[in-house]
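Shown here: protein10.tsv, TSV, C-alpha atoms.
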chain	number	residue	atom	x	y	z
A	1	MET	CA	34.98	-33.09	-3.57
A	2	THR	CA	35.11	-36.32	-5.59
A	3	ASP	CA	32.07	-38.48	-6.31
A	4	ARG	CA	33.50	-41.31	-4.22
A	5	THR	CA	33.91	-39.04	-1.11
A	6	ALA	CA	30.37	-37.65	-1.54
A	7	ALA	CA	28.93	-41.17	-1.82
A	8	SER	CA	30.84	-42.21	1.29
A	9	ILE	CA	29.44	-39.26	3.31
A	10	ALA	CA	25.90	-40.07	2.07
A	11	ASP	CA	26.35	-43.72	3.05
A	12	ARG	CA	27.56	-42.78	6.54
A	13	ALA	CA	24.64	-40.34	6.99
A	14	ALA	CA	22.18	-43.06	5.88
A	15	ALA	CA	23.77	-45.52	8.31
A	16	ALA	CA	23.48	-43.01	11.18
A	17	THR	CA	19.72	-42.46	10.59
A	18	PRO	CA	17.58	-44.59	12.95
A	19	ALA	CA	16.05	-47.56	11.13
A	20	GLY	CA	12.44	-46.71	12.02
A	21	LEU	CA	12.75	-43.15	10.73
A	22	THR	CA	14.35	-44.30	7.45
A	23	ARG	CA	11.39	-46.54	6.72
A	24	ARG	CA	8.87	-43.81	7.47
A	25	VAL	CA	10.61	-41.17	5.31
A	26	ARG	CA	11.18	-43.66	2.46
A	27	GLY	CA	7.44	-44.43	2.57
A	28	LEU	CA	6.51	-40.76	1.88
A	29	SER	CA	6.10	-39.34	-1.61
A	30	ASP	CA	7.91	-36.12	-2.67
A	31	ARG	CA	4.59	-34.30	-2.46
A	32	ALA	CA	4.02	-35.50	1.11
A	33	ILE	CA	7.51	-34.40	2.15
A	34	ALA	CA	6.91	-30.99	0.56
A	35	TRP	CA	3.67	-30.66	2.55
A	36	LEU	CA	5.54	-31.69	5.70
A	37	PHE	CA	7.95	-28.78	5.25
A	38	ILE	CA	5.26	-26.25	4.31
A	39	ALA	CA	2.76	-27.28	7.02
A	40	PRO	CA	4.29	-25.26	9.94
A	41	THR	CA	4.23	-22.07	7.84
A	42	ILE	CA	0.65	-22.70	6.74
A	43	VAL	CA	-0.46	-23.37	10.32
A	44	LEU	CA	1.23	-20.12	11.47
A	45	LEU	CA	-0.33	-18.19	8.58
A	46	LEU	CA	-3.78	-19.54	9.42
A	47	ALA	CA	-3.36	-18.74	13.13
A	48	ILE	CA	-1.89	-15.25	12.73
A	49	ASN	CA	-3.50	-13.93	9.52
A	50	ILE	CA	-6.52	-15.90	8.38
A	51	PHE	CA	-8.20	-16.65	11.72
A	52	PRO	CA	-8.14	-13.01	12.97
A	53	LEU	CA	-9.46	-11.91	9.57
A	54	ILE	CA	-12.40	-14.33	9.70
A	55	TRP	CA	-13.00	-13.44	13.38
A	56	THR	CA	-13.02	-9.70	12.53
A	57	VAL	CA	-15.55	-10.29	9.74
A	58	TYR	CA	-17.73	-12.22	12.23
A	59	LEU	CA	-17.40	-9.49	14.92
A	60	SER	CA	-18.35	-6.82	12.36
A	61	PHE	CA	-21.86	-8.33	12.33
A	62	THR	CA	-22.18	-8.21	16.14
A	63	ASN	CA	-22.39	-5.60	18.93
A	64	TYR	CA	-19.36	-7.07	20.73
A	65	ARG	CA	-17.40	-4.82	23.11
A	66	ALA	CA	-13.94	-6.07	24.09
A	67	ASN	CA	-14.08	-4.31	27.48
A	68	ARG	CA	-17.22	-6.29	28.45
A	69	PRO	CA	-16.18	-9.92	27.89
A	70	GLY	CA	-19.03	-11.42	29.96
A	71	ARG	CA	-21.80	-9.72	27.97
A	72	VAL	CA	-23.95	-11.74	25.55
A	73	ILE	CA	-22.95	-11.02	21.94
A	74	ASP	CA	-25.94	-10.09	19.73
A	75	TRP	CA	-25.98	-10.60	15.96
A	76	VAL	CA	-26.84	-7.20	14.45
A	77	GLY	CA	-26.59	-8.08	10.75
A	78	THR	CA	-25.33	-5.25	8.54
A	79	ARG	CA	-26.25	-2.50	11.04
A	80	ASN	CA	-22.60	-1.58	11.78
A	81	TYR	CA	-21.91	-1.19	8.04
A	82	GLU	CA	-25.08	0.90	7.53
A	83	ARG	CA	-24.11	3.20	10.42
A	84	LEU	CA	-20.55	3.56	9.13
A	85	LEU	CA	-21.49	4.29	5.55
A	86	GLY	CA	-24.31	6.60	6.67
A	87	SER	CA	-22.09	8.60	9.04
A	88	GLU	CA	-21.04	12.13	8.06
A	89	ASP	CA	-18.08	11.89	10.47
A	90	VAL	CA	-16.68	8.74	8.84
A	91	TRP	CA	-17.11	10.43	5.46
A	92	GLU	CA	-15.00	13.36	6.77
A	93	TYR	CA	-12.27	10.97	7.99
A	94	MET	CA	-12.20	9.37	4.54
A	95	GLN	CA	-11.91	12.83	2.97
A	96	ALA	CA	-9.01	13.67	5.29
A	97	THR	CA	-7.37	10.39	4.19
A	98	ALA	CA	-8.05	11.21	0.51
A	99	HIS	CA	-6.51	14.70	0.92
A	100	PHE	CA	-3.41	13.17	2.52
A	101	VAL	CA	-3.06	10.32	-0.01
A	102	SER	CA	-3.66	12.40	-3.15
A	103	TRP	CA	-1.36	15.34	-2.27
A	104	THR	CA	1.47	13.11	-1.03
A	105	MET	CA	1.28	11.11	-4.26
A	106	ILE	CA	1.25	14.17	-6.55
A	107	ILE	CA	4.14	15.94	-4.79
A	108	GLN	CA	6.23	12.79	-4.30
A	109	VAL	CA	5.91	11.71	-7.94
A	110	ILE	CA	7.01	15.14	-9.23
A	111	LEU	CA	9.92	15.42	-6.77
A	112	GLY	CA	10.89	11.74	-7.00
A	113	LEU	CA	11.02	11.75	-10.80
A	114	GLY	CA	12.91	15.07	-10.78
A	115	LEU	CA	15.51	13.74	-8.34
A	116	ALA	CA	15.85	10.50	-10.35
A	117	LEU	CA	16.48	12.51	-13.54
A	118	LEU	CA	19.17	14.51	-11.71
A	119	ILE	CA	20.88	11.46	-10.17
A	120	ASN	CA	20.73	9.69	-13.54
A	121	LYS	CA	23.06	12.39	-14.97
A	122	ASN	CA	25.92	10.56	-13.19
A	123	PHE	CA	27.65	13.74	-12.01
A	124	LYS	CA	30.62	13.66	-9.62
A	125	GLY	CA	29.45	12.52	-6.17
A	126	ALA	CA	26.12	11.11	-7.44
A	127	GLY	CA	26.57	7.98	-5.30
A	128	PHE	CA	27.15	10.04	-2.16
A	129	TRP	CA	24.08	12.22	-2.78
A	130	THR	CA	21.94	9.14	-3.53
A	131	THR	CA	22.87	7.75	-0.10
A	132	ILE	CA	22.10	11.07	1.61
A	133	ILE	CA	18.71	11.31	-0.15
A	134	LEU	CA	17.81	7.74	0.84
A	135	ILE	CA	18.42	8.24	4.60
A	136	PRO	CA	14.89	9.51	5.56
A	137	MET	CA	13.35	6.37	4.04
A	138	MET	CA	15.38	4.18	6.40
A	139	LEU	CA	14.14	5.86	9.60
A	140	SER	CA	11.24	4.63	11.73
A	141	PRO	CA	7.97	6.58	11.13
A	142	ALA	CA	7.53	7.01	14.91
A	143	VAL	CA	11.01	8.56	15.19
A	144	VAL	CA	10.35	10.81	12.19
A	145	GLY	CA	7.02	11.95	13.68
A	146	THR	CA	8.64	12.74	17.02
A	147	PHE	CA	11.57	14.79	15.74
A	148	TRP	CA	9.42	16.70	13.23
A	149	THR	CA	7.25	17.88	16.15
A	150	TYR	CA	10.41	19.60	17.42
A	151	LEU	CA	11.24	21.00	13.98
A	152	TYR	CA	7.66	22.35	13.73
A	153	GLN	CA	7.75	24.16	17.11
A	154	PRO	CA	6.50	27.71	16.35
A	155	GLN	CA	8.98	29.52	18.66
A	156	THR	CA	12.08	27.31	18.60
A	157	GLY	CA	11.65	25.01	15.57
A	158	ILE	CA	13.93	25.30	12.55
A	159	PHE	CA	11.00	25.07	10.09
A	160	SER	CA	9.49	28.37	11.24
A	161	TYR	CA	12.99	29.92	11.33
A	162	ILE	CA	13.73	28.92	7.69
A	163	ILE	CA	10.36	30.18	6.39
A	164	ASN	CA	10.89	33.49	8.21
A	165	ALA	CA	14.33	33.83	6.65
A	166	PHE	CA	12.55	34.11	3.27
A	167	VAL	CA	9.21	35.68	4.23
A	168	GLU	CA	8.59	37.62	7.47
A	169	VAL	CA	5.41	35.96	8.72
A	170	GLY	CA	6.21	35.45	12.42
A	171	PRO	CA	6.02	32.12	14.27
A	172	ILE	CA	4.28	29.42	12.20
A	173	ASP	CA	2.22	26.89	14.16
A	174	MET	CA	2.14	24.05	11.62
A	175	ILE	CA	0.68	21.42	13.96
A	176	GLY	CA	-1.74	23.63	15.90
A	177	SER	CA	-3.29	25.53	12.99
A	178	PRO	CA	-6.35	23.87	11.33
A	179	GLY	CA	-5.33	25.23	7.90
A	180	LEU	CA	-1.69	24.10	8.12
A	181	ALA	CA	-1.94	20.81	10.07
A	182	PRO	CA	-3.00	18.67	7.03
A	183	TRP	CA	-0.01	20.11	5.14
A	184	SER	CA	2.35	19.41	8.03
A	185	ILE	CA	1.75	15.65	7.71
A	186	ILE	CA	1.99	15.86	3.89
A	187	ILE	CA	5.39	17.63	4.15
A	188	VAL	CA	6.78	15.01	6.57
A	189	ASP	CA	5.53	12.05	4.49
A	190	THR	CA	6.99	13.68	1.35
A	191	TRP	CA	10.34	14.21	3.10
A	192	MET	CA	10.36	10.58	4.17
A	193	TRP	CA	9.07	8.75	1.11
A	194	THR	CA	10.13	10.79	-1.96
A	195	PRO	CA	13.41	8.78	-1.99
A	196	TYR	CA	11.39	5.61	-2.53
A	197	ILE	CA	9.70	7.06	-5.64
A	198	MET	CA	13.14	8.32	-6.75
A	199	LEU	CA	14.64	4.85	-6.36
A	200	LEU	CA	11.94	3.16	-8.47
A	201	SER	CA	12.08	5.94	-11.10
A	202	LEU	CA	15.85	5.54	-11.23
A	203	ALA	CA	15.40	1.81	-11.89
A	204	GLY	CA	13.08	2.73	-14.78
A	205	LEU	CA	15.52	5.34	-16.16
A	206	ARG	CA	18.47	2.91	-16.01
A	207	SER	CA	16.45	0.33	-17.99
A	208	ILE	CA	16.09	2.65	-21.02
A	209	PRO	CA	18.59	1.62	-23.72
A	210	ASP	CA	20.90	4.40	-25.01
A	211	TYR	CA	20.15	3.64	-28.67
A	212	LEU	CA	16.66	5.14	-28.29
A	213	TYR	CA	18.17	8.51	-27.34
A	214	GLU	CA	20.78	8.17	-30.13
A	215	ALA	CA	18.00	7.56	-32.67
A	216	ALA	CA	16.14	10.59	-31.28
A	217	GLU	CA	19.33	12.69	-31.65
A	218	ILE	CA	19.57	11.65	-35.32
A	219	ASP	CA	15.93	12.69	-35.78
A	220	ARG	CA	16.84	16.05	-34.19
A	221	ALA	CA	14.40	15.64	-31.30
A	222	ASN	CA	14.71	18.31	-28.61
A	223	THR	CA	15.06	17.61	-24.85
A	224	TRP	CA	11.33	17.93	-24.18
A	225	GLN	CA	10.45	15.55	-27.08
A	226	LYS	CA	12.96	12.98	-25.80
A	227	PHE	CA	11.48	13.22	-22.30
A	228	TRP	CA	7.85	13.05	-23.50
A	229	HIS	CA	8.23	10.29	-26.12
A	230	ILE	CA	11.01	8.10	-24.64
A	231	THR	CA	11.69	8.74	-20.95
A	232	LEU	CA	8.15	9.15	-19.60
A	233	PRO	CA	6.52	6.12	-21.34
A	234	ARG	CA	9.43	3.90	-20.26
A	235	VAL	CA	9.38	5.11	-16.63
A	236	MET	CA	5.56	5.15	-16.37
A	237	PRO	CA	5.08	1.47	-15.33
A	238	PHE	CA	7.63	1.95	-12.53
A	239	LEU	CA	5.92	5.17	-11.44
A	240	MET	CA	2.52	3.43	-11.47
A	241	LEU	CA	3.95	0.72	-9.25
A	242	ALA	CA	5.44	3.27	-6.84
A	243	VAL	CA	2.17	5.27	-6.71
A	244	LEU	CA	0.08	2.15	-6.03
A	245	PHE	CA	2.44	0.90	-3.35
A	246	ARG	CA	2.75	4.25	-1.58
A	247	GLY	CA	-0.98	4.93	-2.08
A	248	ILE	CA	-1.89	1.72	-0.26
A	249	GLU	CA	0.65	2.44	2.51
A	250	ASN	CA	-0.61	6.02	2.98
A	251	PHE	CA	-4.22	4.84	2.99
A	252	LYS	CA	-3.28	2.83	6.09
A	253	MET	CA	-1.05	5.60	7.56
A	254	PHE	CA	-1.14	5.65	11.37
A	255	ASP	CA	2.12	5.87	13.36
A	256	MET	CA	3.75	8.95	11.87
A	257	VAL	CA	0.53	11.02	12.00
A	258	VAL	CA	-0.27	9.93	15.58
A	259	GLU	CA	3.20	11.05	16.68
A	260	LEU	CA	2.91	14.36	14.83
A	261	THR	CA	-0.65	15.59	15.38
A	262	SER	CA	-2.62	12.76	17.08
A	263	GLY	CA	-5.38	13.55	14.59
A	264	GLY	CA	-5.69	17.18	15.68
A	265	PRO	CA	-6.33	20.03	15.91
A	266	GLY	CA	-9.90	18.84	16.52
A	267	SER	CA	-10.21	16.00	14.04
A	268	ILE	CA	-8.74	17.80	11.03
A	269	THR	CA	-5.92	15.25	10.53
A	270	GLU	CA	-7.82	12.26	11.90
A	271	LEU	CA	-7.21	9.70	9.16
A	272	ALA	CA	-9.38	6.59	8.81
A	273	SER	CA	-6.91	4.31	10.63
A	274	ILE	CA	-6.58	6.74	13.58
A	275	ASN	CA	-10.37	6.88	13.98
A	276	LEU	CA	-10.50	3.10	13.72
A	277	LYS	CA	-8.07	2.83	16.64
A	278	ARG	CA	-10.14	5.33	18.68
A	279	GLU	CA	-13.35	3.35	18.06
A	280	ALA	CA	-11.68	0.02	18.92
A	281	PHE	CA	-9.48	0.91	21.91
A	282	GLU	CA	-10.86	4.16	23.37
A	283	LYS	CA	-14.62	3.82	22.86
A	284	TRP	CA	-14.43	-0.01	22.89
A	285	ARG	CA	-17.03	-0.41	20.11
A	286	THR	CA	-15.32	-3.54	18.85
A	287	GLY	CA	-18.10	-4.69	16.48
A	288	TYR	CA	-18.39	-1.26	14.88
A	289	ALA	CA	-14.59	-0.90	14.64
A	290	SER	CA	-14.38	-4.39	13.08
A	291	ALA	CA	-16.83	-3.31	10.36
A	292	PHE	CA	-14.66	-0.22	9.74
A	293	ALA	CA	-11.57	-2.47	9.55
A	294	VAL	CA	-13.33	-4.73	7.03
A	295	ILE	CA	-14.19	-1.72	4.83
A	296	LEU	CA	-10.55	-0.57	4.88
A	297	PHE	CA	-9.37	-4.15	4.25
A	298	VAL	CA	-11.67	-4.60	1.23
A	299	THR	CA	-10.42	-1.28	-0.19
A	300	VAL	CA	-6.76	-2.20	0.31
A	301	PHE	CA	-7.39	-5.70	-1.08
A	302	GLY	CA	-9.02	-4.19	-4.17
A	303	LEU	CA	-6.11	-1.78	-4.64
A	304	GLY	CA	-3.75	-4.71	-4.07
A	305	ASN	CA	-5.29	-6.52	-7.04
A	306	ILE	CA	-4.60	-3.49	-9.23
A	307	TYR	CA	-1.08	-3.39	-7.79
A	308	VAL	CA	-0.42	-7.05	-8.76
A	309	LYS	CA	-1.77	-6.36	-12.26
A	310	ALA	CA	0.57	-3.34	-12.61
A	311	LEU	CA	3.45	-5.47	-11.34
A	312	ASN	CA	2.79	-8.09	-14.04
A	313	ARG	CA	2.77	-5.33	-16.66
A	314	VAL	CA	6.17	-4.09	-15.43
A	315	LYS	CA	7.53	-7.66	-15.60
A	316	GLN	CA	6.40	-7.93	-19.23
B	1	MET	CA	-12.88	-27.83	-29.96
B	2	THR	CA	-16.67	-27.54	-29.74
B	3	ALA	CA	-18.67	-24.47	-30.82
B	4	GLY	CA	-19.73	-23.96	-27.18
B	5	GLY	CA	-16.08	-23.96	-26.04
B	6	ASN	CA	-15.13	-21.41	-28.71
B	7	SER	CA	-17.99	-19.15	-27.72
B	8	PHE	CA	-16.92	-19.36	-24.03
B	9	LYS	CA	-13.34	-18.47	-24.95
B	10	ARG	CA	-14.49	-15.57	-27.14
B	11	TRP	CA	-16.67	-13.96	-24.46
B	12	PHE	CA	-14.77	-14.82	-21.29
B	13	ARG	CA	-11.23	-13.65	-22.06
B	14	ARG	CA	-9.28	-12.53	-19.01
B	15	GLY	CA	-7.91	-9.21	-20.37
B	16	PRO	CA	-11.08	-7.16	-20.93
B	17	TRP	CA	-12.88	-8.59	-17.89
B	18	GLU	CA	-9.88	-7.86	-15.68
B	19	ASN	CA	-9.80	-4.30	-16.99
B	20	GLY	CA	-13.51	-3.97	-16.20
B	21	ALA	CA	-12.99	-5.24	-12.64
B	22	THR	CA	-10.03	-2.86	-12.20
B	23	VAL	CA	-12.13	0.11	-13.33
B	24	THR	CA	-14.92	-0.96	-10.92
B	25	ILE	CA	-12.46	-1.11	-7.99
B	26	ALA	CA	-10.99	2.29	-8.91
B	27	LEU	CA	-14.51	3.75	-9.19
B	28	GLY	CA	-15.41	2.32	-5.76
B	29	VAL	CA	-12.28	3.78	-4.15
B	30	PHE	CA	-13.06	7.15	-5.76
B	31	MET	CA	-16.65	6.96	-4.40
B	32	LEU	CA	-15.31	6.17	-0.92
B	33	MET	CA	-12.96	9.14	-0.83
B	34	GLN	CA	-14.73	11.89	-2.81
B	35	SER	CA	-16.12	14.95	-1.04
B	36	PHE	CA	-19.23	15.96	-3.01
B	37	SER	CA	-21.90	13.24	-2.59
B	38	HIS	CA	-22.78	11.34	0.55
B	39	PHE	CA	-24.89	8.95	-1.54
B	40	LEU	CA	-21.81	7.88	-3.55
B	41	PHE	CA	-19.92	7.37	-0.28
B	42	SER	CA	-22.68	5.15	1.13
B	43	GLN	CA	-22.63	2.94	-2.00
B	44	SER	CA	-18.83	2.73	-2.27
B	45	LEU	CA	-18.34	-0.52	-0.33
B	46	THR	CA	-20.79	-2.37	-2.60
B	47	VAL	CA	-18.93	-1.18	-5.70
B	48	ILE	CA	-15.45	-2.01	-4.31
B	49	LEU	CA	-16.68	-5.43	-3.15
B	50	THR	CA	-18.23	-6.15	-6.58
B	51	GLY	CA	-14.99	-5.15	-8.32
B	52	THR	CA	-12.77	-7.13	-5.96
B	53	ILE	CA	-14.83	-10.35	-6.06
B	54	GLY	CA	-15.17	-9.88	-9.83
B	55	PHE	CA	-11.40	-9.51	-10.15
B	56	VAL	CA	-10.77	-12.73	-8.22
B	57	ILE	CA	-13.23	-14.61	-10.47
B	58	VAL	CA	-12.12	-13.21	-13.84
B	59	SER	CA	-8.42	-13.71	-13.06
B	60	HIS	CA	-9.17	-17.43	-13.49
B	61	PHE	CA	-10.51	-16.92	-17.04
B	62	PRO	CA	-8.28	-18.13	-19.92
B	63	GLU	CA	-5.95	-15.61	-21.63
When written as structure tokens, how does the structure in this file appear?
Amino acid sequence: MTDRTAASIADRAAAATPAGLTRRVRGLSDRAIAWLFIAPTIVLLLAINIFPLIWTVYLSFTNYRANRPGRVIDWVGTRNYERLLGSEDVWEYMQATAHFVSWTMIIQVILGLGLALLINKNFKGAGFWTTIILIPMMLSPAVVGTFWTYLYQPQTGIFSYIINAFVEVGPIDMIGSPGLAPWSIIIVDTWMWTPYIMLLSLAGLRSIPDYLYEAAEIDRANTWQKFWHITLPRVMPFLMLAVLFRGIENFKMFDMVVELTSGGPGSITELASINLKREAFEKWRTGYASAFAVILFVTVFGLGNIYVKALNRVKQ
Amino acid sequence: MTAGGNSFKRWFRRGPWENGATVTIALGVFMLMQSFSHFLFSQSLTVILTGTIGFVIVSHFPE
């Protein structure tokens, strides 16, 4: 398009703009126009994110119950927090969450890095296998939870069948057994999210320049030395990022575990977020549940700060 | 640059303070999720909150 044509289109557009509007827009500074565009987003953000957050913090200091809207709300100070942090039950839920988060992270990092090292070999069909490996990550957690309950069926499930093909132990009740239930959710989360760790590790591996390995070859470094002194330090920031991201996500884990075990048997797989939902929408202790939500939020916010710091380090 | 300004810059550099806040947050999260002391669990929120607020403040310190 020539300059003359562009100028003509601009002139026609200016002529078509109502006179009153032209004056008003011409009277605004660039900064004011920028604010005009950003304002709807900021208003939405305040209404959907910031207001509920502030309201939750306020409710956490009250004895409010959402199922009794007419009742007078009493200010109870920090009593909800004292009860939460003094409760042995809440401590157990946090331990269940810690068990889930720590084991999923350990297993997923080992498997994810291993898979990334394999895929990075660029063998025939590597692209196809990468796609196959990535499929679980693309599924909905609720769907994954539902179909793994079928796979875990002691009598008819394929999981029990495969284990018995190797070791004759009879029907395995993964979801119903108190000893195995915590591992059942770890296995499903690992199946679903190891590809994510693999993907980030692969990005780290692909960023390592070949000349480092060539220099190591000249120095007659063996495979282990090359992995320990070149590969691992270069991939570490990416792994840190993956661990922090998945750690935060698993700390908040809810849907997949609810579909799989609903927190059972007993309360052995009742993670913090599942108990929070029970307190808020089954026992209707809204003030108490709000305090619990604030504790989880502060923890995730703190971890988020570390995450941003790690992200900056990766950028550098 | 005044002597007071230099002294501020020397003591309040972002890097070390940010590392300190990060360690405090990590310690608080560990206290929240460990399984051997109920006392540590009951103090965890205070530690995480201190670390988090500290992090927000020190991230505004000069490099």
Might you pull out every residue within 12 Å of Gln153 (chain A), with all atoms listed in the file counted and same-chain residues fewer than 6 positions away left off, and present them as a CSV table (one decimal) with C-alpha atoms, keeping the file's coordinate frame?
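So result14.csv came out as:
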chain,number,residue,atom,x,y,z
A,146,THR,CA,8.6,12.7,17.0
A,147,PHE,CA,11.6,14.8,15.7
A,159,PHE,CA,11.0,25.1,10.1
A,160,SER,CA,9.5,28.4,11.2
A,161,TYR,CA,13.0,29.9,11.3
A,171,PRO,CA,6.0,32.1,14.3
A,172,ILE,CA,4.3,29.4,12.2
A,173,ASP,CA,2.2,26.9,14.2
A,174,MET,CA,2.1,24.0,11.6
A,175,ILE,CA,0.7,21.4,14.0
A,176,GLY,CA,-1.7,23.6,15.9
A,177,SER,CA,-3.3,25.5,13.0
A,184,SER,CA,2.4,19.4,8.0
A,260,LEU,CA,2.9,14.4,14.8
Excluding region 35-44 of chain B and any residue of its chain fewer than 4 positions from it, enumerate the residues within 10 Å of it, using only C-alpha atoms, and give them as an MDAnalysis selection string. (chainID A and resid 81:88 90:92 94:96 98:99 295 299) or (chainID B and resid 25 27:31 48:50)
Taking (-1.1, 17.5, 13.8) in the coordinates of the supplied file, I want to know which residues reach to within 12 Å of it, counting all atoms listed in the file; could you give the answer as a ChimeraX atom specification? /A:145-146,148-149,152-153,173-188,256-271
If you take every atom of region 41-55 of chain B that the file lists and fit an axis-aligned box around them with 4 Å extra on each side, what centre and edge lengths come out in Å to one decimal, as JSON?
{"center_x": -17.0, "center_y": -1.5, "center_z": -4.5, "size_x": 19.3, "size_y": 25.7, "size_z": 19.3}
Nearby residues (all atoms listed in the file) at most 12 Å from Leu134 (chain A), same-chain spacing under 2 positions excluded, as a ChimeraX atom specification: /A:112,115-116,127-132,136-139,191-200
Those residues you just picked out, can you put them in a file as a short mmCIF file (atom, residue, chain, number, x, y, z; two decimals), keeping the file's coordinate frame with C-alpha atoms?
data_model
loop_
_atom_site.label_atom_id
_atom_site.label_comp_id
_atom_site.auth_asym_id
_atom_site.auth_seq_id
_atom_site.Cartn_x
_atom_site.Cartn_y
_atom_site.Cartn_z
CA GLY A 112 10.89 11.74 -7.00
CA LEU A 115 15.51 13.74 -8.34
CA ALA A 116 15.85 10.50 -10.35
CA GLY A 127 26.57 7.98 -5.30
CA PHE A 128 27.15 10.04 -2.16
CA TRP A 129 24.08 12.22 -2.78
CA THR A 130 21.94 9.14 -3.53
CA THR A 131 22.87 7.75 -0.10
CA ILE A 132 22.10 11.07 1.61
CA PRO A 136 14.89 9.51 5.56
CA MET A 137 13.35 6.37 4.04
CA MET A 138 15.38 4.18 6.40
CA LEU A 139 14.14 5.86 9.60
CA TRP A 191 10.34 14.21 3.10
CA MET A 192 10.36 10.58 4.17
CA TRP A 193 9.07 8.75 1.11
CA THR A 194 10.13 10.79 -1.96
CA PRO A 195 13.41 8.78 -1.99
CA TYR A 196 11.39 5.61 -2.53
CA ILE A 197 9.70 7.06 -5.64
CA MET A 198 13.14 8.32 -6.75
CA LEU A 199 14.64 4.85 -6.36
CA LEU A 200 11.94 3.16 -8.47
#
Point (3.6, 1.7, -9.9), cut-off 10 Å, counting all atoms listed in the file, residues as a ChimeraX atom specification: /A:197,200-201,235-247,306-311,313-314
Measuring between all atoms listed in the file, which one of B:Pro62, B:Gly51, B:Gly15, B:Gly20 shows the shortest distance to chain A? B:Gly51
Which one is closest to Ile107 (chain A): A:Asp30, A:Thr190, A:Ile38, A:Ser207? Count only C-alpha atoms. A:Thr190
Could you tell me how far CA of Ser290 (chain A) sits from CA of Phe61 (chain A), in Å to one decimal place? 8.5 Å
Expressed in Å to a single decimal, how great is the separation between CA of Met33 (chain B) and CA of Thr286 (chain A)?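 Taking CA of Met33 (chain B) and CA of Thr286 (chain A), their separation equals 23.5 Å.
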Compare A:Asn250, A:Asn120, A:Thr78, A:Asn312 by their minimum atom-to-atom distance to Thr231 (chain A), counting only C-alpha atoms, and give me the closest one. A:Asn120
At what distance in Å, to one decimal, does CA of Thr52 (chain B) lie from CA of Val76 (chain A)? 24.8 Å
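Nearest to chain A of all the residues B:Val47, B:Phe12, B:Thr22, B:Gly54 is B:Thr22, based on all atoms listed in the file.
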